[in-house]
Amino acid sequence: MIMETRRYSYEEDISDEQDLTFKAFSRVLEDNEMKLTVRMMNTLGMKSRSGEYTNLAFLMSDQSDIVVKLAEYDSDMNFRIKKSFKGSLVKILSDVEEQTERLNDVKVVIDGSSFKRKETKSYPGASIREMVLNAFCHASYFLHSNIKIEFFPDKAKISSPGGIFNATMDDIMNGVQTYRNPRLVNVFDKLHLIENFGTGIPRTLQSYEGYEVKPEFKASENFFIVTLPNVNCIQNESINDLGLEILRLIKENPGINAPSITSLLSVKDHSVTLFRVKNEIGRNLDRYIEHVGSNKTGGYYLKKKE
């Protein structure tokens, strides 16, 4: 009932724990050429007017009881990694970012427009970092639950306690900015942990431009869940060097037939035979090309994109 009034602020409330230390938070401040003073605590809202520590201070303290869970599963849902991060929220964020970056695999995939190999992160652009930051900035720390970050073979799922604050999903998708924890966001901003707060979802959507799959956002009364597809799972990675050369020739010479392809490629590689060319086309390239015309006079063309 208190929360529903939208006047209660967890971060401004007085912390139940007043015996606090700030070693981790102070180190981060020092890295940004700042020093934790009473004046700064007052400015940030870590102390109340009466001089008591607030819940924001508790979140920044070494005594914070916030736990963020991270897991990676294999295809049979067995744990490959299972970690819990706790302590000062700034330290947790740093540890989580480091771990998620390690799990954001870089793979060699095929560029559908140029048919060249390129390195692609499983979660493109700033998407995974933005959604982790979004979870930290907008979670309801009033609720006794955890931020969870889960990596599956085909997706990453980030769940944070607390639904959308004082807005609807349509509002959020249309760029409306609301802040459950404005003082916490201000701290992250001063520490340069966030770049342009309030643009996380638009930047994440932008990261997936050009891909068939898109991020999903779901909100309930008590949770906000983001699902990021692993773009490397939808890419065709079975094309070898011969396949790439065949695609290049078809792109440059629409209507070319298999014997002509063989003739051109065998100049550089004597191991290329008509059998190898036809086998490669039949097994790995049907997604990209089509044969038009008769077997004798027809040739291969790139398929038009839907």
# chains A, B, ... in the order shown; residues from 1 in each chain; ligands from 1
$ select_by_dssp --residues "range 145-271 of chain A" --states "alpha helix (DSSP H)" --output "JSON, numbers by chain"
{"A": [169, 170, 171, 172, 173, 182, 183, 184, 185, 186, 187, 188, 189, 190, 200, 201, 202, 203, 204, 205, 206, 207, 241, 242, 243, 244, 245, 246, 247, 248, 249, 250, 251, 252, 258, 259, 260, 261, 262, 263, 264, 265, 266]}
$ write_last_selection --atoms "C-alpha atoms" --output "PDB file, in the first residue's frame"
ATOM      1  CA  MET A 169       5.287  -0.645 -21.463  1.00  0.00           C
ATOM      2  CA  ASP A 170       4.101   1.514 -24.356  1.00  0.00           C
ATOM      3  CA  ASP A 171       5.429   4.593 -22.548  1.00  0.00           C
ATOM      4  CA  ILE A 172       8.833   2.992 -22.104  1.00  0.00           C
ATOM      5  CA  MET A 173       9.022   1.816 -25.724  1.00  0.00           C
ATOM      6  CA  PRO A 182      16.969   8.694  -9.253  1.00  0.00           C
ATOM      7  CA  ARG A 183      19.692   9.129  -6.618  1.00  0.00           C
ATOM      8  CA  LEU A 184      21.247   5.795  -7.515  1.00  0.00           C
ATOM      9  CA  VAL A 185      21.179   6.750 -11.194  1.00  0.00           C
ATOM     10  CA  ASN A 186      22.882  10.014 -10.252  1.00  0.00           C
ATOM     11  CA  VAL A 187      25.655   8.105  -8.433  1.00  0.00           C
ATOM     12  CA  PHE A 188      26.245   5.830 -11.441  1.00  0.00           C
ATOM     13  CA  ASP A 189      26.310   8.872 -13.696  1.00  0.00           C
ATOM     14  CA  LYS A 190      28.917  10.665 -11.586  1.00  0.00           C
ATOM     15  CA  GLY A 200      19.098   1.808 -22.640  1.00  0.00           C
ATOM     16  CA  ILE A 201      16.129   0.233 -24.422  1.00  0.00           C
ATOM     17  CA  PRO A 202      16.417   2.363 -27.604  1.00  0.00           C
ATOM     18  CA  ARG A 203      20.154   1.621 -27.830  1.00  0.00           C
ATOM     19  CA  THR A 204      19.494  -2.089 -27.315  1.00  0.00           C
ATOM     20  CA  LEU A 205      16.867  -2.149 -30.063  1.00  0.00           C
ATOM     21  CA  GLN A 206      19.261  -0.280 -32.324  1.00  0.00           C
ATOM     22  CA  SER A 207      21.935  -2.914 -31.692  1.00  0.00           C
ATOM     23  CA  ASP A 241      35.950 -20.904 -47.944  1.00  0.00           C
ATOM     24  CA  LEU A 242      34.806 -22.704 -51.102  1.00  0.00           C
ATOM     25  CA  GLY A 243      31.204 -21.787 -50.385  1.00  0.00           C
ATOM     26  CA  LEU A 244      32.135 -18.145 -49.913  1.00  0.00           C
ATOM     27  CA  GLU A 245      33.999 -18.079 -53.232  1.00  0.00           C
ATOM     28  CA  ILE A 246      31.012 -19.657 -54.993  1.00  0.00           C
ATOM     29  CA  LEU A 247      28.658 -17.071 -53.517  1.00  0.00           C
ATOM     30  CA  ARG A 248      30.991 -14.279 -54.559  1.00  0.00           C
ATOM     31  CA  LEU A 249      31.099 -15.499 -58.160  1.00  0.00           C
ATOM     32  CA  ILE A 250      27.312 -15.872 -58.347  1.00  0.00           C
ATOM     33  CA  LYS A 251      26.876 -12.377 -56.959  1.00  0.00           C
ATOM     34  CA  GLU A 252      29.285 -10.952 -59.543  1.00  0.00           C
ATOM     35  CA  ALA A 258      28.492 -24.934 -62.121  1.00  0.00           C
ATOM     36  CA  PRO A 259      31.087 -25.762 -64.838  1.00  0.00           C
ATOM     37  CA  SER A 260      31.916 -22.047 -65.239  1.00  0.00           C
ATOM     38  CA  ILE A 261      32.256 -21.658 -61.467  1.00  0.00           C
ATOM     39  CA  THR A 262      34.591 -24.660 -61.397  1.00  0.00           C
ATOM     40  CA  SER A 263      36.680 -23.283 -64.231  1.00  0.00           C
ATOM     41  CA  LEU A 264      37.179 -19.917 -62.550  1.00  0.00           C
ATOM     42  CA  LEU A 265      37.947 -21.287 -59.093  1.00  0.00           C
ATOM     43  CA  SER A 266      40.300 -24.043 -60.247  1.00  0.00           C
TER      44      SER A 266
END
$ select_by_dssp --residues "range 90-172 of chain A" --states "strand (DSSP E)" --output "PyMOL selection string"
chain A and resi 106-110+117-121+147-151+155-161
$ residues_around --residues "Ile164 in chain A" --least-positions-apart "6" --cutoff "10 Å" --atoms "only C-alpha atoms" --output "list in words"
His138, Ala139, Ser140, Asp171, Ile172, Thr178, Tyr179, Arg180, Lys218, Ala219, Ser220, Glu221, Asn222, Phe223 and Phe224 of chain A
$ write_last_selection --atoms "C-alpha atoms" --output "mmCIF file, in the first residue's frame"
data_model
loop_
_atom_site.group_PDB
_atom_site.id
_atom_site.type_symbol
_atom_site.label_atom_id
_atom_site.label_comp_id
_atom_site.auth_asym_id
_atom_site.auth_seq_id
_atom_site.Cartn_x
_atom_site.Cartn_y
_atom_site.Cartn_z
ATOM 1 C CA HIS A 138 15.619 0.459 -12.085
ATOM 2 C CA ALA A 139 15.363 -2.568 -9.794
ATOM 3 C CA SER A 140 13.186 -2.329 -6.719
ATOM 4 C CA ASP A 171 5.429 4.593 -22.548
ATOM 5 C CA ILE A 172 8.833 2.992 -22.104
ATOM 6 C CA THR A 178 10.873 7.231 -15.284
ATOM 7 C CA TYR A 179 13.237 6.636 -12.380
ATOM 8 C CA ARG A 180 12.510 4.457 -9.393
ATOM 9 C CA LYS A 218 8.057 -8.191 -20.459
ATOM 10 C CA ALA A 219 6.773 -6.503 -17.324
ATOM 11 C CA SER A 220 4.646 -7.829 -14.506
ATOM 12 C CA GLU A 221 3.675 -6.198 -11.253
ATOM 13 C CA ASN A 222 6.876 -7.289 -9.531
ATOM 14 C CA PHE A 223 9.398 -8.065 -12.276
ATOM 15 C CA PHE A 224 10.869 -6.677 -15.462
#
$ atom_distance --atom1 "CA of Leu56 in chain A" --atom2 "CA of Met40 in chain A"
12.8 Å
$ atom_distance --atom1 "CA of Thr297 in chain A" --atom2 "CA of Ile281 in chain A"
17.3 Å
$ residues_around --residues "range 86-92 of chain A" --least-positions-apart "2" --cutoff "8 Å" --atoms "only C-alpha atoms" --output "list of chain:residue names"
A:Phe22, A:Ala24, A:Phe25, A:Val28, A:Leu59, A:Met60, A:Ser61, A:Asp62, A:Gln63, A:Ser64, A:Asp65, A:Ile66, A:Val67, A:Val68, A:Ser84, A:Ser94, A:Asp95, A:Val96
$ closest_residue --among "A:Pro161, A:Arg276, A:Thr120, A:Ile110" --to "Asn134 in chain A" --atoms "only C-alpha atoms"
A:Pro161
$ residues_around --residues "Ala57 in chain A" --least-positions-apart "5" --cutoff "9 Å" --atoms "only C-alpha atoms" --output "list in words"
Glu11, Ser15, Leu20, Phe22, Met41, Gly45, Met46, Lys47 and Ser64 of chain A
$ write_last_selection --atoms "C-alpha atoms" --output "short mmCIF file (atom, residue, chain, number, x, y, z; two decimals), in the first residue's frame"
data_model
loop_
_atom_site.label_atom_id
_atom_site.label_comp_id
_atom_site.auth_asym_id
_atom_site.auth_seq_id
_atom_site.Cartn_x
_atom_site.Cartn_y
_atom_site.Cartn_z
CA GLU A 11 16.75 4.93 -1.37
CA SER A 15 18.85 2.35 6.71
CA LEU A 20 28.57 1.00 7.57
CA PHE A 22 32.60 2.17 2.20
CA MET A 41 27.38 11.89 1.17
CA GLY A 45 21.65 11.54 -0.54
CA MET A 46 23.59 8.93 1.38
CA LYS A 47 22.85 10.76 4.61
CA SER A 64 24.99 -4.30 1.58
#
$ closest_residue --among "A:Arg39, A:Lys116, A:Lys303, A:His192" --to "Tyr288 in chain A" --atoms "only C-alpha atoms"
A:Lys303
$ decode --residues "range 46-171 of chain A" --atoms "C-alpha atoms" --output "mmCIF file, in the first residue's frame"
data_model
loop_
_atom_site.group_PDB
_atom_site.id
_atom_site.type_symbol
_atom_site.label_atom_id
_atom_site.label_comp_id
_atom_site.auth_asym_id
_atom_site.auth_seq_id
_atom_site.Cartn_x
_atom_site.Cartn_y
_atom_site.Cartn_z
ATOM 1 C CA MET A 46 23.585 8.927 1.384
ATOM 2 C CA LYS A 47 22.851 10.755 4.612
ATOM 3 C CA SER A 48 19.587 12.179 5.835
ATOM 4 C CA ARG A 49 19.173 15.672 7.191
ATOM 5 C CA SER A 50 19.498 14.212 10.684
ATOM 6 C CA GLY A 51 22.862 12.656 9.735
ATOM 7 C CA GLU A 52 21.730 9.038 9.521
ATOM 8 C CA TYR A 53 22.703 6.735 6.687
ATOM 9 C CA THR A 54 20.003 6.192 4.081
ATOM 10 C CA ASN A 55 19.283 3.010 2.147
ATOM 11 C CA LEU A 56 21.254 4.499 -0.747
ATOM 12 C CA ALA A 57 24.290 4.514 1.542
ATOM 13 C CA PHE A 58 23.491 0.945 2.518
ATOM 14 C CA LEU A 59 23.504 -0.069 -1.167
ATOM 15 C CA MET A 60 26.913 1.551 -1.614
ATOM 16 C CA SER A 61 28.334 0.102 1.606
ATOM 17 C CA ASP A 62 30.425 -3.005 2.106
ATOM 18 C CA GLN A 63 27.644 -4.343 4.323
ATOM 19 C CA SER A 64 24.995 -4.299 1.585
ATOM 20 C CA ASP A 65 22.972 -7.513 1.503
ATOM 21 C CA ILE A 66 22.070 -7.176 -2.181
ATOM 22 C CA VAL A 67 22.845 -10.337 -4.168
ATOM 23 C CA VAL A 68 22.987 -10.556 -7.955
ATOM 24 C CA LYS A 69 22.928 -14.049 -9.418
ATOM 25 C CA LEU A 70 24.498 -15.065 -12.715
ATOM 26 C CA ALA A 71 24.343 -18.427 -14.439
ATOM 27 C CA GLU A 72 25.229 -20.049 -17.735
ATOM 28 C CA TYR A 73 23.491 -23.242 -18.891
ATOM 29 C CA ASP A 74 24.308 -25.819 -21.521
ATOM 30 C CA SER A 75 21.719 -27.185 -23.955
ATOM 31 C CA ASP A 76 20.515 -29.676 -21.319
ATOM 32 C CA MET A 77 20.019 -26.917 -18.720
ATOM 33 C CA ASN A 78 22.991 -28.042 -16.661
ATOM 34 C CA PHE A 79 24.985 -25.281 -15.004
ATOM 35 C CA ARG A 80 28.207 -24.325 -16.728
ATOM 36 C CA ILE A 81 28.656 -21.276 -14.497
ATOM 37 C CA LYS A 82 26.821 -20.392 -11.298
ATOM 38 C CA LYS A 83 27.872 -17.281 -9.396
ATOM 39 C CA SER A 84 26.498 -14.921 -6.759
ATOM 40 C CA PHE A 85 27.858 -11.399 -6.397
ATOM 41 C CA LYS A 86 27.327 -9.413 -3.227
ATOM 42 C CA GLY A 87 28.642 -6.388 -1.387
ATOM 43 C CA SER A 88 28.693 -2.757 -2.454
ATOM 44 C CA LEU A 89 26.440 -2.263 -5.474
ATOM 45 C CA VAL A 90 29.209 -0.544 -7.459
ATOM 46 C CA LYS A 91 31.496 -3.531 -6.863
ATOM 47 C CA ILE A 92 28.737 -5.953 -7.870
ATOM 48 C CA LEU A 93 28.114 -4.003 -11.072
ATOM 49 C CA SER A 94 31.801 -4.086 -11.965
ATOM 50 C CA ASP A 95 32.046 -7.845 -11.338
ATOM 51 C CA VAL A 96 28.864 -8.585 -13.279
ATOM 52 C CA GLU A 97 29.944 -6.481 -16.249
ATOM 53 C CA GLU A 98 33.270 -8.284 -16.368
ATOM 54 C CA GLN A 99 31.566 -11.684 -16.296
ATOM 55 C CA THR A 100 28.923 -10.846 -18.906
ATOM 56 C CA GLU A 101 31.598 -9.528 -21.247
ATOM 57 C CA ARG A 102 33.412 -12.868 -20.963
ATOM 58 C CA LEU A 103 30.205 -14.703 -21.809
ATOM 59 C CA ASN A 104 29.464 -12.502 -24.808
ATOM 60 C CA ASP A 105 31.242 -14.821 -27.217
ATOM 61 C CA VAL A 106 32.682 -13.522 -30.464
ATOM 62 C CA LYS A 107 32.174 -15.882 -33.397
ATOM 63 C CA VAL A 108 32.979 -15.834 -37.071
ATOM 64 C CA VAL A 109 29.724 -15.635 -39.035
ATOM 65 C CA ILE A 110 28.651 -14.897 -42.574
ATOM 66 C CA ASP A 111 27.723 -11.401 -43.714
ATOM 67 C CA GLY A 112 24.589 -11.968 -45.784
ATOM 68 C CA SER A 113 25.190 -8.943 -48.006
ATOM 69 C CA SER A 114 28.862 -9.390 -48.877
ATOM 70 C CA PHE A 115 29.226 -13.136 -48.164
ATOM 71 C CA LYS A 116 32.371 -12.487 -46.223
ATOM 72 C CA ARG A 117 33.313 -13.765 -42.802
ATOM 73 C CA LYS A 118 33.074 -11.282 -39.982
ATOM 74 C CA GLU A 119 33.410 -11.407 -36.224
ATOM 75 C CA THR A 120 30.094 -11.000 -34.461
ATOM 76 C CA LYS A 121 29.329 -10.819 -30.770
ATOM 77 C CA SER A 122 26.529 -13.057 -29.558
ATOM 78 C CA TYR A 123 24.836 -9.980 -28.107
ATOM 79 C CA PRO A 124 25.557 -7.105 -30.504
ATOM 80 C CA GLY A 125 26.550 -3.543 -29.765
ATOM 81 C CA ALA A 126 25.975 -2.356 -26.227
ATOM 82 C CA SER A 127 22.856 -4.495 -25.737
ATOM 83 C CA ILE A 128 24.011 -6.760 -22.899
ATOM 84 C CA ARG A 129 25.711 -3.937 -20.994
ATOM 85 C CA GLU A 130 22.752 -1.591 -21.420
ATOM 86 C CA MET A 131 20.295 -4.157 -20.107
ATOM 87 C CA VAL A 132 22.490 -5.043 -17.135
ATOM 88 C CA LEU A 133 22.738 -1.331 -16.285
ATOM 89 C CA ASN A 134 18.997 -0.970 -16.771
ATOM 90 C CA ALA A 135 18.400 -3.762 -14.275
ATOM 91 C CA PHE A 136 20.704 -2.191 -11.683
ATOM 92 C CA CYS A 137 19.306 1.324 -12.135
ATOM 93 C CA HIS A 138 15.619 0.459 -12.085
ATOM 94 C CA ALA A 139 15.363 -2.568 -9.794
ATOM 95 C CA SER A 140 13.186 -2.329 -6.719
ATOM 96 C CA TYR A 141 15.614 -2.917 -3.863
ATOM 97 C CA PHE A 142 12.659 -2.703 -1.509
ATOM 98 C CA LEU A 143 11.574 -6.171 -2.669
ATOM 99 C CA HIS A 144 13.339 -9.170 -1.175
ATOM 100 C CA SER A 145 14.456 -10.653 -4.474
ATOM 101 C CA ASN A 146 17.510 -10.729 -6.717
ATOM 102 C CA ILE A 147 18.589 -9.450 -10.080
ATOM 103 C CA LYS A 148 19.215 -12.578 -12.169
ATOM 104 C CA ILE A 149 21.296 -12.785 -15.329
ATOM 105 C CA GLU A 150 21.044 -16.086 -17.181
ATOM 106 C CA PHE A 151 22.854 -17.196 -20.321
ATOM 107 C CA PHE A 152 21.274 -19.945 -22.402
ATOM 108 C CA PRO A 153 22.706 -21.304 -25.676
ATOM 109 C CA ASP A 154 20.264 -19.201 -27.710
ATOM 110 C CA LYS A 155 19.567 -16.198 -25.482
ATOM 111 C CA ALA A 156 20.374 -14.171 -22.388
ATOM 112 C CA LYS A 157 17.666 -13.372 -19.871
ATOM 113 C CA ILE A 158 17.887 -10.527 -17.371
ATOM 114 C CA SER A 159 15.270 -10.359 -14.619
ATOM 115 C CA SER A 160 15.028 -7.549 -12.098
ATOM 116 C CA PRO A 161 12.592 -7.113 -9.205
ATOM 117 C CA GLY A 162 10.053 -4.358 -9.644
ATOM 118 C CA GLY A 163 7.796 -3.771 -12.624
ATOM 119 C CA ILE A 164 7.804 -0.603 -14.705
ATOM 120 C CA PHE A 165 7.766 2.402 -12.399
ATOM 121 C CA ASN A 166 5.018 4.963 -12.924
ATOM 122 C CA ALA A 167 4.597 4.177 -16.626
ATOM 123 C CA THR A 168 3.347 1.564 -19.088
ATOM 124 C CA MET A 169 5.287 -0.645 -21.463
ATOM 125 C CA ASP A 170 4.101 1.514 -24.356
ATOM 126 C CA ASP A 171 5.429 4.593 -22.548
#
